[in-house]
file my_file16.cif (mmCIF, N, CA and C atoms and all ligand atoms)
data_model
loop_
_atom_site.label_atom_id
_atom_site.label_comp_id
_atom_site.auth_asym_id
_atom_site.auth_seq_id
_atom_site.Cartn_x
_atom_site.Cartn_y
_atom_site.Cartn_z
N MET A 92 -1.17 -20.60 -7.35
CA MET A 92 -0.65 -19.31 -6.90
C MET A 92 -0.83 -18.28 -8.00
N ARG A 93 -1.22 -17.13 -7.60
CA ARG A 93 -1.43 -16.04 -8.54
C ARG A 93 -0.10 -15.45 -8.97
N ARG A 94 -0.19 -14.67 -10.02
CA ARG A 94 1.05 -14.10 -10.57
C ARG A 94 1.52 -12.90 -9.76
N GLN A 95 2.79 -12.62 -9.96
CA GLN A 95 3.38 -11.49 -9.25
C GLN A 95 2.74 -10.18 -9.67
N TYR A 96 2.81 -9.24 -8.79
CA TYR A 96 2.30 -7.91 -9.05
C TYR A 96 3.42 -7.11 -9.72
N ARG A 97 3.12 -6.55 -10.83
CA ARG A 97 4.14 -5.80 -11.56
C ARG A 97 4.05 -4.32 -11.21
N VAL A 98 5.20 -3.75 -10.96
CA VAL A 98 5.27 -2.32 -10.62
C VAL A 98 6.09 -1.62 -11.69
N SER A 99 5.49 -0.65 -12.32
CA SER A 99 6.20 0.09 -13.36
C SER A 99 7.08 1.16 -12.73
N LYS A 100 7.99 1.67 -13.54
CA LYS A 100 8.86 2.74 -13.07
C LYS A 100 8.04 3.95 -12.61
N LEU A 101 6.99 4.26 -13.35
CA LEU A 101 6.15 5.42 -12.98
C LEU A 101 5.43 5.21 -11.64
N MET A 102 5.05 3.96 -11.34
CA MET A 102 4.39 3.70 -10.06
C MET A 102 5.32 4.03 -8.90
N ARG A 103 6.62 3.91 -9.14
CA ARG A 103 7.59 4.19 -8.08
C ARG A 103 8.05 5.64 -8.09
N SER A 104 7.46 6.44 -8.93
CA SER A 104 7.84 7.84 -9.02
C SER A 104 7.73 8.53 -7.67
N GLN A 105 8.66 9.40 -7.38
CA GLN A 105 8.61 10.18 -6.16
C GLN A 105 7.58 11.31 -6.28
N THR A 106 7.10 11.54 -7.49
CA THR A 106 6.05 12.51 -7.70
C THR A 106 4.72 11.80 -7.52
N MET A 107 4.00 12.18 -6.49
CA MET A 107 2.76 11.48 -6.15
C MET A 107 1.76 11.47 -7.29
N LEU A 108 1.67 12.57 -8.01
CA LEU A 108 0.71 12.62 -9.10
C LEU A 108 1.06 11.60 -10.19
N SER A 109 2.36 11.50 -10.54
CA SER A 109 2.78 10.52 -11.55
C SER A 109 2.53 9.10 -11.07
N ALA A 110 2.85 8.85 -9.82
CA ALA A 110 2.64 7.51 -9.25
C ALA A 110 1.15 7.18 -9.21
N ALA A 111 0.33 8.16 -8.84
CA ALA A 111 -1.12 7.93 -8.79
C ALA A 111 -1.66 7.64 -10.19
N LYS A 112 -1.21 8.41 -11.17
CA LYS A 112 -1.66 8.19 -12.56
C LYS A 112 -1.29 6.77 -13.01
N ALA A 113 -0.08 6.34 -12.68
CA ALA A 113 0.38 5.00 -13.10
C ALA A 113 -0.45 3.91 -12.42
N GLN A 114 -0.76 4.09 -11.15
CA GLN A 114 -1.57 3.08 -10.44
C GLN A 114 -2.98 3.04 -11.04
N ILE A 115 -3.54 4.20 -11.31
CA ILE A 115 -4.89 4.26 -11.89
C ILE A 115 -4.88 3.63 -13.29
N ALA A 116 -3.84 3.91 -14.06
CA ALA A 116 -3.73 3.32 -15.40
C ALA A 116 -3.64 1.79 -15.33
N ALA A 117 -3.09 1.29 -14.22
CA ALA A 117 -2.98 -0.17 -14.03
C ALA A 117 -4.26 -0.77 -13.46
N GLY A 118 -5.29 0.09 -13.29
CA GLY A 118 -6.57 -0.43 -12.83
C GLY A 118 -6.80 -0.34 -11.33
N ARG A 119 -5.93 0.35 -10.64
CA ARG A 119 -6.05 0.47 -9.18
C ARG A 119 -6.82 1.73 -8.81
N LYS A 120 -7.41 1.70 -7.63
CA LYS A 120 -7.97 2.90 -7.02
C LYS A 120 -7.01 3.33 -5.94
N VAL A 121 -6.93 4.64 -5.73
CA VAL A 121 -5.93 5.17 -4.80
C VAL A 121 -6.59 6.03 -3.73
N ILE A 122 -5.87 6.21 -2.64
CA ILE A 122 -6.23 7.20 -1.63
C ILE A 122 -4.95 7.93 -1.24
N LEU A 123 -5.11 9.09 -0.70
CA LEU A 123 -3.97 9.85 -0.20
C LEU A 123 -4.05 9.89 1.32
N THR A 124 -2.91 9.75 1.94
CA THR A 124 -2.83 9.82 3.40
C THR A 124 -2.03 11.05 3.79
N TYR A 125 -2.11 11.40 5.06
CA TYR A 125 -1.24 12.47 5.54
C TYR A 125 0.21 12.07 5.29
N GLY A 126 1.08 13.05 5.19
CA GLY A 126 2.49 12.78 5.00
C GLY A 126 3.23 12.79 6.34
N VAL A 127 4.54 12.60 6.26
CA VAL A 127 5.38 12.67 7.44
C VAL A 127 6.31 13.87 7.28
N ARG A 128 6.30 14.74 8.29
CA ARG A 128 7.12 15.94 8.24
C ARG A 128 8.60 15.60 8.44
N GLU A 129 9.45 16.56 8.17
CA GLU A 129 10.89 16.32 8.32
C GLU A 129 11.27 15.91 9.72
N ASP A 130 10.51 16.36 10.72
CA ASP A 130 10.82 15.98 12.11
C ASP A 130 10.25 14.61 12.47
N GLY A 131 9.69 13.90 11.49
CA GLY A 131 9.18 12.56 11.73
C GLY A 131 7.75 12.52 12.22
N ARG A 132 7.15 13.67 12.42
CA ARG A 132 5.77 13.70 12.91
C ARG A 132 4.80 13.74 11.75
N CYS A 133 3.59 13.28 12.03
CA CYS A 133 2.55 13.23 11.01
C CYS A 133 2.10 14.65 10.65
N SER A 134 1.80 14.86 9.37
CA SER A 134 1.35 16.19 8.95
C SER A 134 -0.08 16.48 9.39
N CYS A 135 -0.76 15.54 10.05
CA CYS A 135 -2.09 15.82 10.60
C CYS A 135 -1.99 16.76 11.80
N LYS A 136 -0.78 16.88 12.33
CA LYS A 136 -0.48 17.78 13.44
C LYS A 136 -1.13 17.38 14.77
N ARG A 137 -1.72 16.18 14.82
CA ARG A 137 -2.27 15.71 16.09
C ARG A 137 -1.14 15.26 16.99
N GLU A 138 -1.14 15.73 18.20
CA GLU A 138 -0.12 15.34 19.17
C GLU A 138 -0.20 13.82 19.40
N GLY A 139 0.90 13.13 19.24
CA GLY A 139 0.93 11.70 19.49
C GLY A 139 0.15 10.87 18.48
N CYS A 140 0.07 11.33 17.24
CA CYS A 140 -0.63 10.57 16.20
C CYS A 140 -0.10 9.13 16.20
N ALA A 141 -1.00 8.16 16.25
CA ALA A 141 -0.62 6.75 16.36
C ALA A 141 -0.23 6.13 15.02
N SER A 142 -0.48 6.83 13.94
CA SER A 142 -0.24 6.23 12.63
C SER A 142 0.34 7.27 11.66
N PRO A 143 1.52 7.80 12.00
CA PRO A 143 2.07 8.89 11.19
C PRO A 143 2.22 8.55 9.70
N GLY A 144 1.64 9.40 8.88
CA GLY A 144 1.78 9.24 7.44
C GLY A 144 0.98 8.10 6.85
N LYS A 145 0.11 7.48 7.64
CA LYS A 145 -0.60 6.29 7.15
C LYS A 145 -2.11 6.41 7.17
N HIS A 146 -2.65 7.50 7.70
CA HIS A 146 -4.11 7.57 7.72
C HIS A 146 -4.62 8.56 6.67
N PRO A 147 -5.79 8.24 6.10
CA PRO A 147 -6.30 9.00 4.95
C PRO A 147 -6.62 10.46 5.28
N LEU A 148 -6.53 11.29 4.26
CA LEU A 148 -6.95 12.68 4.38
C LEU A 148 -8.47 12.67 4.50
N PRO A 149 -9.03 13.03 5.66
CA PRO A 149 -10.47 12.84 5.89
C PRO A 149 -11.36 13.69 5.00
N LYS A 150 -10.90 14.87 4.61
CA LYS A 150 -11.74 15.72 3.78
C LYS A 150 -11.95 15.11 2.38
N PHE A 151 -10.92 14.45 1.88
CA PHE A 151 -10.98 13.92 0.52
C PHE A 151 -11.32 12.43 0.48
N PHE A 152 -11.00 11.71 1.54
CA PHE A 152 -11.23 10.27 1.59
C PHE A 152 -11.88 9.92 2.94
N PRO A 153 -13.13 10.42 3.14
CA PRO A 153 -13.77 10.32 4.46
C PRO A 153 -14.02 8.88 4.92
N ASN A 154 -14.10 7.95 4.00
CA ASN A 154 -14.35 6.55 4.38
C ASN A 154 -13.13 5.68 4.10
N GLY A 155 -11.96 6.29 4.20
CA GLY A 155 -10.72 5.52 4.01
C GLY A 155 -10.69 4.81 2.67
N VAL A 156 -10.37 3.54 2.72
CA VAL A 156 -10.23 2.77 1.49
C VAL A 156 -11.54 2.70 0.70
N HIS A 157 -12.66 2.85 1.40
CA HIS A 157 -13.96 2.84 0.70
C HIS A 157 -14.16 4.12 -0.11
N SER A 158 -13.32 5.10 0.12
CA SER A 158 -13.36 6.33 -0.67
C SER A 158 -12.28 6.33 -1.76
N ALA A 159 -11.59 5.22 -1.92
CA ALA A 159 -10.53 5.15 -2.94
C ALA A 159 -11.12 5.52 -4.30
N THR A 160 -10.31 6.16 -5.13
CA THR A 160 -10.83 6.67 -6.39
C THR A 160 -9.87 6.39 -7.55
N ASP A 161 -10.45 6.37 -8.74
CA ASP A 161 -9.63 6.34 -9.94
C ASP A 161 -9.80 7.66 -10.71
N ASP A 162 -10.29 8.65 -10.01
CA ASP A 162 -10.50 9.99 -10.58
C ASP A 162 -9.26 10.85 -10.33
N ILE A 163 -8.43 10.99 -11.36
CA ILE A 163 -7.15 11.68 -11.17
C ILE A 163 -7.36 13.16 -10.82
N GLU A 164 -8.46 13.74 -11.26
CA GLU A 164 -8.73 15.14 -10.91
C GLU A 164 -8.97 15.29 -9.40
N ALA A 165 -9.64 14.31 -8.80
CA ALA A 165 -9.86 14.34 -7.35
C ALA A 165 -8.52 14.20 -6.62
N VAL A 166 -7.63 13.37 -7.17
CA VAL A 166 -6.31 13.18 -6.57
C VAL A 166 -5.51 14.48 -6.68
N GLN A 167 -5.58 15.11 -7.86
CA GLN A 167 -4.87 16.39 -8.05
C GLN A 167 -5.36 17.44 -7.06
N LYS A 168 -6.66 17.50 -6.88
CA LYS A 168 -7.25 18.48 -5.97
C LYS A 168 -6.73 18.25 -4.55
N ALA A 169 -6.69 17.01 -4.11
CA ALA A 169 -6.20 16.69 -2.77
C ALA A 169 -4.72 17.02 -2.65
N LEU A 170 -3.96 16.76 -3.72
CA LEU A 170 -2.51 17.04 -3.68
C LEU A 170 -2.21 18.54 -3.66
N ARG A 171 -3.07 19.32 -4.29
CA ARG A 171 -2.87 20.78 -4.24
C ARG A 171 -2.99 21.27 -2.80
N ARG A 172 -3.92 20.69 -2.08
CA ARG A 172 -4.15 21.08 -0.69
C ARG A 172 -3.11 20.45 0.26
N HIS A 173 -2.65 19.22 -0.07
CA HIS A 173 -1.71 18.48 0.77
C HIS A 173 -0.55 17.97 -0.09
N PRO A 174 0.37 18.86 -0.49
CA PRO A 174 1.45 18.44 -1.38
C PRO A 174 2.40 17.39 -0.78
N ASP A 175 2.36 17.22 0.54
CA ASP A 175 3.24 16.24 1.19
C ASP A 175 2.54 14.90 1.45
N ALA A 176 1.36 14.73 0.85
CA ALA A 176 0.58 13.51 1.11
C ALA A 176 1.31 12.27 0.61
N ASN A 177 0.99 11.14 1.22
CA ASN A 177 1.47 9.84 0.75
C ASN A 177 0.39 9.19 -0.09
N LEU A 178 0.82 8.32 -0.97
CA LEU A 178 -0.11 7.60 -1.85
C LEU A 178 -0.30 6.18 -1.33
N ALA A 179 -1.54 5.74 -1.31
CA ALA A 179 -1.86 4.35 -0.95
C ALA A 179 -2.78 3.79 -2.02
N ILE A 180 -2.74 2.48 -2.19
CA ILE A 180 -3.63 1.87 -3.17
C ILE A 180 -4.63 0.97 -2.47
N ALA A 181 -5.84 0.88 -3.05
CA ALA A 181 -6.83 -0.08 -2.55
C ALA A 181 -6.36 -1.46 -2.99
N LEU A 182 -6.48 -2.43 -2.12
CA LEU A 182 -5.93 -3.76 -2.39
C LEU A 182 -6.90 -4.71 -3.07
N GLU A 183 -8.03 -4.18 -3.52
CA GLU A 183 -9.01 -5.02 -4.21
C GLU A 183 -8.34 -5.72 -5.39
N GLY A 184 -8.48 -7.04 -5.45
CA GLY A 184 -7.88 -7.80 -6.55
C GLY A 184 -6.43 -8.15 -6.33
N LEU A 185 -5.90 -7.78 -5.18
CA LEU A 185 -4.51 -8.12 -4.85
C LEU A 185 -4.47 -8.95 -3.57
N THR A 186 -3.41 -9.66 -3.39
CA THR A 186 -3.14 -10.34 -2.13
C THR A 186 -1.80 -9.83 -1.64
N VAL A 187 -1.78 -9.40 -0.39
CA VAL A 187 -0.54 -8.93 0.20
C VAL A 187 -0.21 -9.82 1.39
N VAL A 188 0.98 -10.39 1.37
CA VAL A 188 1.45 -11.21 2.48
C VAL A 188 2.32 -10.32 3.35
N ASP A 189 1.91 -10.16 4.62
CA ASP A 189 2.63 -9.31 5.58
C ASP A 189 3.58 -10.20 6.37
N VAL A 190 4.85 -9.98 6.18
CA VAL A 190 5.87 -10.82 6.80
C VAL A 190 6.57 -10.02 7.89
N ASP A 191 6.43 -10.48 9.14
CA ASP A 191 7.02 -9.76 10.28
C ASP A 191 8.07 -10.61 10.97
N GLY A 192 9.20 -10.03 11.25
CA GLY A 192 10.23 -10.66 12.08
C GLY A 192 10.84 -11.92 11.47
N ASP A 193 11.78 -12.50 12.23
CA ASP A 193 12.48 -13.70 11.76
C ASP A 193 11.54 -14.89 11.60
N GLU A 194 10.61 -15.05 12.55
CA GLU A 194 9.64 -16.15 12.46
C GLU A 194 8.84 -16.06 11.16
N GLY A 195 8.39 -14.87 10.86
CA GLY A 195 7.62 -14.67 9.64
C GLY A 195 8.45 -14.96 8.40
N ARG A 196 9.67 -14.51 8.40
CA ARG A 196 10.55 -14.76 7.25
C ARG A 196 10.76 -16.26 7.04
N LYS A 197 11.00 -16.99 8.13
CA LYS A 197 11.20 -18.45 8.02
C LYS A 197 9.93 -19.13 7.52
N ALA A 198 8.79 -18.73 8.07
CA ALA A 198 7.52 -19.35 7.69
C ALA A 198 7.22 -19.12 6.21
N VAL A 199 7.43 -17.91 5.74
CA VAL A 199 7.13 -17.59 4.34
C VAL A 199 8.11 -18.30 3.41
N LYS A 200 9.33 -18.46 3.85
CA LYS A 200 10.32 -19.17 3.03
C LYS A 200 9.85 -20.61 2.78
N ARG A 201 9.24 -21.23 3.80
CA ARG A 201 8.74 -22.60 3.66
C ARG A 201 7.59 -22.69 2.67
N LEU A 202 6.86 -21.58 2.48
CA LEU A 202 5.72 -21.59 1.54
C LEU A 202 6.17 -21.61 0.10
N ASP A 203 7.43 -21.25 -0.14
CA ASP A 203 7.98 -21.26 -1.49
C ASP A 203 7.10 -20.46 -2.46
N LEU A 204 6.75 -19.24 -2.05
CA LEU A 204 5.93 -18.37 -2.89
C LEU A 204 6.74 -17.85 -4.07
N PRO A 205 6.09 -17.60 -5.19
CA PRO A 205 6.82 -17.05 -6.34
C PRO A 205 7.36 -15.65 -6.06
N ASP A 206 8.43 -15.31 -6.73
CA ASP A 206 9.00 -13.97 -6.60
C ASP A 206 7.97 -12.93 -7.01
N THR A 207 8.00 -11.82 -6.34
CA THR A 207 7.09 -10.73 -6.66
C THR A 207 7.63 -9.45 -6.06
N VAL A 208 6.82 -8.42 -6.10
CA VAL A 208 7.22 -7.15 -5.52
C VAL A 208 7.31 -7.29 -4.01
N LYS A 209 8.41 -6.80 -3.44
CA LYS A 209 8.63 -6.85 -2.00
C LYS A 209 8.79 -5.41 -1.52
N VAL A 210 7.96 -5.04 -0.56
CA VAL A 210 8.02 -3.69 0.01
C VAL A 210 8.46 -3.81 1.46
N PHE A 211 9.60 -3.23 1.79
CA PHE A 211 10.13 -3.36 3.14
C PHE A 211 9.35 -2.50 4.12
N THR A 212 9.15 -3.06 5.30
CA THR A 212 8.41 -2.39 6.37
C THR A 212 9.31 -2.30 7.61
N GLY A 213 8.81 -1.78 8.69
CA GLY A 213 9.60 -1.63 9.90
C GLY A 213 10.12 -2.94 10.45
N ARG A 214 9.32 -4.00 10.40
CA ARG A 214 9.70 -5.29 10.98
C ARG A 214 9.93 -6.39 9.95
N GLY A 215 9.70 -6.11 8.70
CA GLY A 215 9.84 -7.16 7.69
C GLY A 215 9.55 -6.64 6.30
N TYR A 216 8.57 -7.25 5.66
CA TYR A 216 8.23 -6.80 4.31
C TYR A 216 6.83 -7.29 3.93
N HIS A 217 6.31 -6.73 2.86
CA HIS A 217 5.05 -7.15 2.26
C HIS A 217 5.35 -7.73 0.89
N LEU A 218 4.66 -8.82 0.55
CA LEU A 218 4.75 -9.40 -0.79
C LEU A 218 3.42 -9.14 -1.49
N TYR A 219 3.47 -8.62 -2.71
CA TYR A 219 2.26 -8.28 -3.46
C TYR A 219 2.04 -9.27 -4.60
N TYR A 220 0.79 -9.78 -4.68
CA TYR A 220 0.41 -10.67 -5.77
C TYR A 220 -0.89 -10.20 -6.40
N GLU A 221 -1.02 -10.41 -7.69
CA GLU A 221 -2.28 -10.18 -8.37
C GLU A 221 -3.19 -11.35 -8.01
N GLY A 222 -4.46 -11.10 -7.75
CA GLY A 222 -5.39 -12.19 -7.53
C GLY A 222 -5.99 -12.20 -6.15
N GLU A 223 -6.91 -13.14 -5.96
CA GLU A 223 -7.65 -13.22 -4.70
C GLU A 223 -6.84 -13.90 -3.62
N ILE A 224 -7.29 -13.73 -2.41
CA ILE A 224 -6.52 -14.19 -1.26
C ILE A 224 -6.65 -15.70 -1.03
N SER A 225 -7.66 -16.34 -1.57
CA SER A 225 -7.90 -17.75 -1.25
C SER A 225 -6.70 -18.65 -1.57
N ASP A 226 -6.00 -18.37 -2.64
CA ASP A 226 -4.85 -19.21 -2.99
C ASP A 226 -3.79 -19.17 -1.90
N VAL A 227 -3.46 -17.98 -1.46
CA VAL A 227 -2.41 -17.84 -0.45
C VAL A 227 -2.90 -18.39 0.89
N ARG A 228 -4.16 -18.07 1.22
CA ARG A 228 -4.71 -18.52 2.50
C ARG A 228 -4.64 -20.04 2.61
N SER A 229 -4.98 -20.74 1.53
CA SER A 229 -4.94 -22.20 1.61
C SER A 229 -3.51 -22.70 1.75
N ARG A 230 -2.57 -22.03 1.15
CA ARG A 230 -1.17 -22.46 1.30
C ARG A 230 -0.68 -22.20 2.71
N VAL A 231 -1.10 -21.08 3.30
CA VAL A 231 -0.67 -20.77 4.66
C VAL A 231 -1.27 -21.80 5.62
N LYS A 232 -2.55 -22.14 5.42
CA LYS A 232 -3.21 -23.13 6.29
C LYS A 232 -2.50 -24.48 6.24
N ASN A 233 -2.04 -24.84 5.07
CA ASN A 233 -1.42 -26.15 4.90
C ASN A 233 0.07 -26.16 5.23
N SER A 234 0.59 -25.02 5.63
CA SER A 234 2.02 -24.99 5.95
C SER A 234 2.22 -25.48 7.39
N THR A 235 3.43 -25.54 7.82
CA THR A 235 3.75 -26.16 9.12
C THR A 235 4.01 -25.16 10.22
N PHE A 236 3.53 -23.95 10.10
CA PHE A 236 3.78 -23.00 11.19
C PHE A 236 2.52 -22.62 11.90
ZN ZN A 301 -1.54 11.67 11.78
#
call {"tool": "encode", "arguments": {"input": "my_file16.cif", "output": "structure tokens", "more": "lines below"}}
Ligand SMILES: [Zn+2]
result
Amino acid sequence: MRRQYRVSKLMRSQTMLSAAKAQIAAGRKVILTYGVREDGRCSCKREGCASPGKHPLPKFFPNGVHSATDDIEAVQKALRRHPDANLAIALEGLTVVDVDGDEGRKAVKRLDLPDTVKVFTGRGYHLYYEGEISDVRSRVKNSTF
């Protein structure tokens, strides 16, 4: 099993630029997505947006994660235009376990994965690990769920 993913205080900064700088300093590439307005709607302003606050700014990141960058000036430029943007990181070199619902929680508990960063989601949480996915994949295959 790979080691836990470490998150610094700066990575958790509510200031997107500081958080982006910290992620880039840790070797990550980042993208910015549309933000979520106070009324809960996506800042893309598309009626019925299916992915509020989660899809990339197309002008700056036209190929989504494939446009991820470690160029902080490009991030600053995008943030000047979209100050309410959300920050996302490219997952290259990381493994993220997506745990949904009670079934998922029970199944992951049986895997006895090492403690790591846990990010809560609508239905469960994500576990972040440094390293390739093969280690986790083989453990999931060999589990009993
Ligand atoms: Zn949207």
call {"tool": "residues_near_ligand", "arguments": {"input": "my_file16.cif", "ligand": "ligand ZN 301 (chain A)", "cutoff": "5 Å", "atoms": "only N, CA and C atoms and all ligand atoms", "output": "VMD selection string"}}
result
chain A and resid 133 135 140 142 to 144
call {"tool": "residues_near_point", "arguments": {"input": "my_file16.cif", "point": "(8.2, -16.2, 3.0)", "cutoff": "10 Å", "atoms": "only C-alpha atoms", "output": "PyMOL selection string"}}
result
chain A and resi 188-191+194-206+216-218
call {"tool": "closest_residue", "arguments": {"input": "my_file16.cif", "among": "A:Gly131, A:Gly118, A:Ala169, A:Lys100", "to": "Lys150 in chain A", "atoms": "all atoms listed in the file"}}
result
A:Ala169
call {"tool": "closest_residue", "arguments": {"input": "my_file16.cif", "among": "A:Pro174, A:Gly222, A:Gly139, A:Pro153", "to": "Tyr125 in chain A", "atoms": "only C-alpha atoms"}}
result
A:Pro174
call {"tool": "select_by_dssp", "arguments": {"input": "my_file16.cif", "residues": "chain A", "states": "helix (DSSP H, G or I)", "output": "ChimeraX atom specification"}}
result
/A:101-103,107-116,155-158,163-172,192-202,225-232
call {"tool": "atom_distance", "arguments": {"input": "my_file16.cif", "atom1": "CA of Lys209 in chain A", "atom2": "atom N of Thr186 in chain A"}}
result
12.4 Å
call {"tool": "residues_around", "arguments": {"input": "my_file16.cif", "residues": "Thr106 in chain A", "least_positions_apart": "2", "cutoff": "12 Å", "atoms": "only C-alpha atoms", "output": "list in words"}}
result
Lys100, Leu101, Met102, Arg103, Ser104, Leu108, Ser109, Ala110, Ala111, Lys112, Ala113, Gln167, Leu170, Pro174, Asp175, Ala176, Asn177 and Leu178 of chain A
call {"tool": "select_by_dssp", "arguments": {"input": "my_file16.cif", "residues": "chain A", "states": "strand (DSSP E)", "output": "ChimeraX atom specification"}}
result
/A:121-124,177-180,185-191,208-211,215-221
call {"tool": "closest_residue", "arguments": {"input": "my_file16.cif", "among": "A:Glu223, A:Ile115, A:Asp193, A:Phe211", "to": "Ile163 in chain A", "atoms": "all atoms listed in the file"}}
result
A:Ile115
call {"tool": "atom_distance", "arguments": {"input": "my_file16.cif", "atom1": "atom C of Lys145 in chain A", "atom2": "atom N of Tyr220 in chain A"}}
result
20.3 Å
call {"tool": "closest_residue", "arguments": {"input": "my_file16.cif", "among": "A:Val210, A:Arg97, A:Gly192, A:Leu148", "to": "Gly126 in chain A", "atoms": "only N, CA and C atoms"}}
result
A:Leu148
call {"tool": "residues_around", "arguments": {"input": "my_file16.cif", "residues": "range 158-161 of chain A", "least_positions_apart": "6", "cutoff": "6.5 Å", "atoms": "all atoms listed in the file", "output": "number ranges by chain"}}
result
A: 115, 119-122, 152, 181
call {"tool": "atom_distance", "arguments": {"input": "my_file16.cif", "atom1": "CA of Thr207 in chain A", "atom2": "atom C of Leu185 in chain A"}}
result
12.1 Å
call {"tool": "closest_residue", "arguments": {"input": "my_file16.cif", "among": "A:Asp162, A:His173, A:Leu182, A:Tyr219", "to": "Leu123 in chain A", "atoms": "only C-alpha atoms"}}
result
A:His173
call {"tool": "closest_residue", "arguments": {"input": "my_file16.cif", "among": "A:Glu164, A:Arg137, A:Val98, A:Gln114", "to": "Ile180 in chain A", "atoms": "all atoms listed in the file"}}
result
A:Gln114
call {"tool": "decode", "arguments": {"input": "my_file16.cif", "residues": "range 143-185 of chain A", "atoms": "C-alpha atoms", "output": "PDB file, in the first residue's frame"}}
result
ATOM      1  CA  PRO A 143     -22.306  22.721 -10.786  1.00  0.00           C
ATOM      2  CA  GLY A 144     -18.894  23.966  -9.752  1.00  0.00           C
ATOM      3  CA  LYS A 145     -17.139  20.885 -11.097  1.00  0.00           C
ATOM      4  CA  HIS A 146     -16.433  21.460 -14.771  1.00  0.00           C
ATOM      5  CA  PRO A 147     -13.310  23.220 -16.050  1.00  0.00           C
ATOM      6  CA  LEU A 148     -13.182  26.791 -17.290  1.00  0.00           C
ATOM      7  CA  PRO A 149     -13.110  26.055 -21.045  1.00  0.00           C
ATOM      8  CA  LYS A 150     -11.217  29.170 -22.084  1.00  0.00           C
ATOM      9  CA  PHE A 151      -8.293  28.393 -19.783  1.00  0.00           C
ATOM     10  CA  PHE A 152      -8.502  24.583 -19.554  1.00  0.00           C
ATOM     11  CA  PRO A 153     -10.032  23.535 -22.902  1.00  0.00           C
ATOM     12  CA  ASN A 154      -9.050  19.873 -22.517  1.00  0.00           C
ATOM     13  CA  GLY A 155     -10.031  19.506 -18.872  1.00  0.00           C
ATOM     14  CA  VAL A 156      -7.487  17.586 -16.860  1.00  0.00           C
ATOM     15  CA  HIS A 157      -5.259  17.322 -19.941  1.00  0.00           C
ATOM     16  CA  SER A 158      -4.905  21.099 -19.716  1.00  0.00           C
ATOM     17  CA  ALA A 159      -3.829  20.956 -16.062  1.00  0.00           C
ATOM     18  CA  THR A 160      -0.895  23.245 -15.414  1.00  0.00           C
ATOM     19  CA  ASP A 161       1.850  24.016 -12.949  1.00  0.00           C
ATOM     20  CA  ASP A 162       2.134  27.542 -14.354  1.00  0.00           C
ATOM     21  CA  ILE A 163       0.981  29.786 -11.510  1.00  0.00           C
ATOM     22  CA  GLU A 164       0.775  32.805 -13.838  1.00  0.00           C
ATOM     23  CA  ALA A 165      -1.795  30.961 -15.976  1.00  0.00           C
ATOM     24  CA  VAL A 166      -3.751  30.163 -12.801  1.00  0.00           C
ATOM     25  CA  GLN A 167      -3.587  33.813 -11.709  1.00  0.00           C
ATOM     26  CA  LYS A 168      -4.837  34.939 -15.101  1.00  0.00           C
ATOM     27  CA  ALA A 169      -7.816  32.563 -14.920  1.00  0.00           C
ATOM     28  CA  LEU A 170      -8.576  33.655 -11.341  1.00  0.00           C
ATOM     29  CA  ARG A 171      -8.596  37.321 -12.332  1.00  0.00           C
ATOM     30  CA  ARG A 172     -11.300  36.516 -14.859  1.00  0.00           C
ATOM     31  CA  HIS A 173     -13.143  34.009 -12.593  1.00  0.00           C
ATOM     32  CA  PRO A 174     -12.515  34.970  -8.947  1.00  0.00           C
ATOM     33  CA  ASP A 175     -15.154  32.466  -7.768  1.00  0.00           C
ATOM     34  CA  ALA A 176     -13.505  29.502  -9.494  1.00  0.00           C
ATOM     35  CA  ASN A 177     -12.897  26.215  -7.707  1.00  0.00           C
ATOM     36  CA  LEU A 178      -9.527  24.507  -7.649  1.00  0.00           C
ATOM     37  CA  ALA A 179      -9.033  20.922  -8.798  1.00  0.00           C
ATOM     38  CA  ILE A 180      -5.874  18.863  -8.993  1.00  0.00           C
ATOM     39  CA  ALA A 181      -4.766  16.385 -11.648  1.00  0.00           C
ATOM     40  CA  LEU A 182      -4.632  12.955 -10.043  1.00  0.00           C
ATOM     41  CA  GLU A 183      -1.510  11.771 -11.846  1.00  0.00           C
ATOM     42  CA  GLY A 184       0.611   9.874  -9.327  1.00  0.00           C
ATOM     43  CA  LEU A 185      -2.239   9.618  -6.840  1.00  0.00           C
TER      44      LEU A 185
END
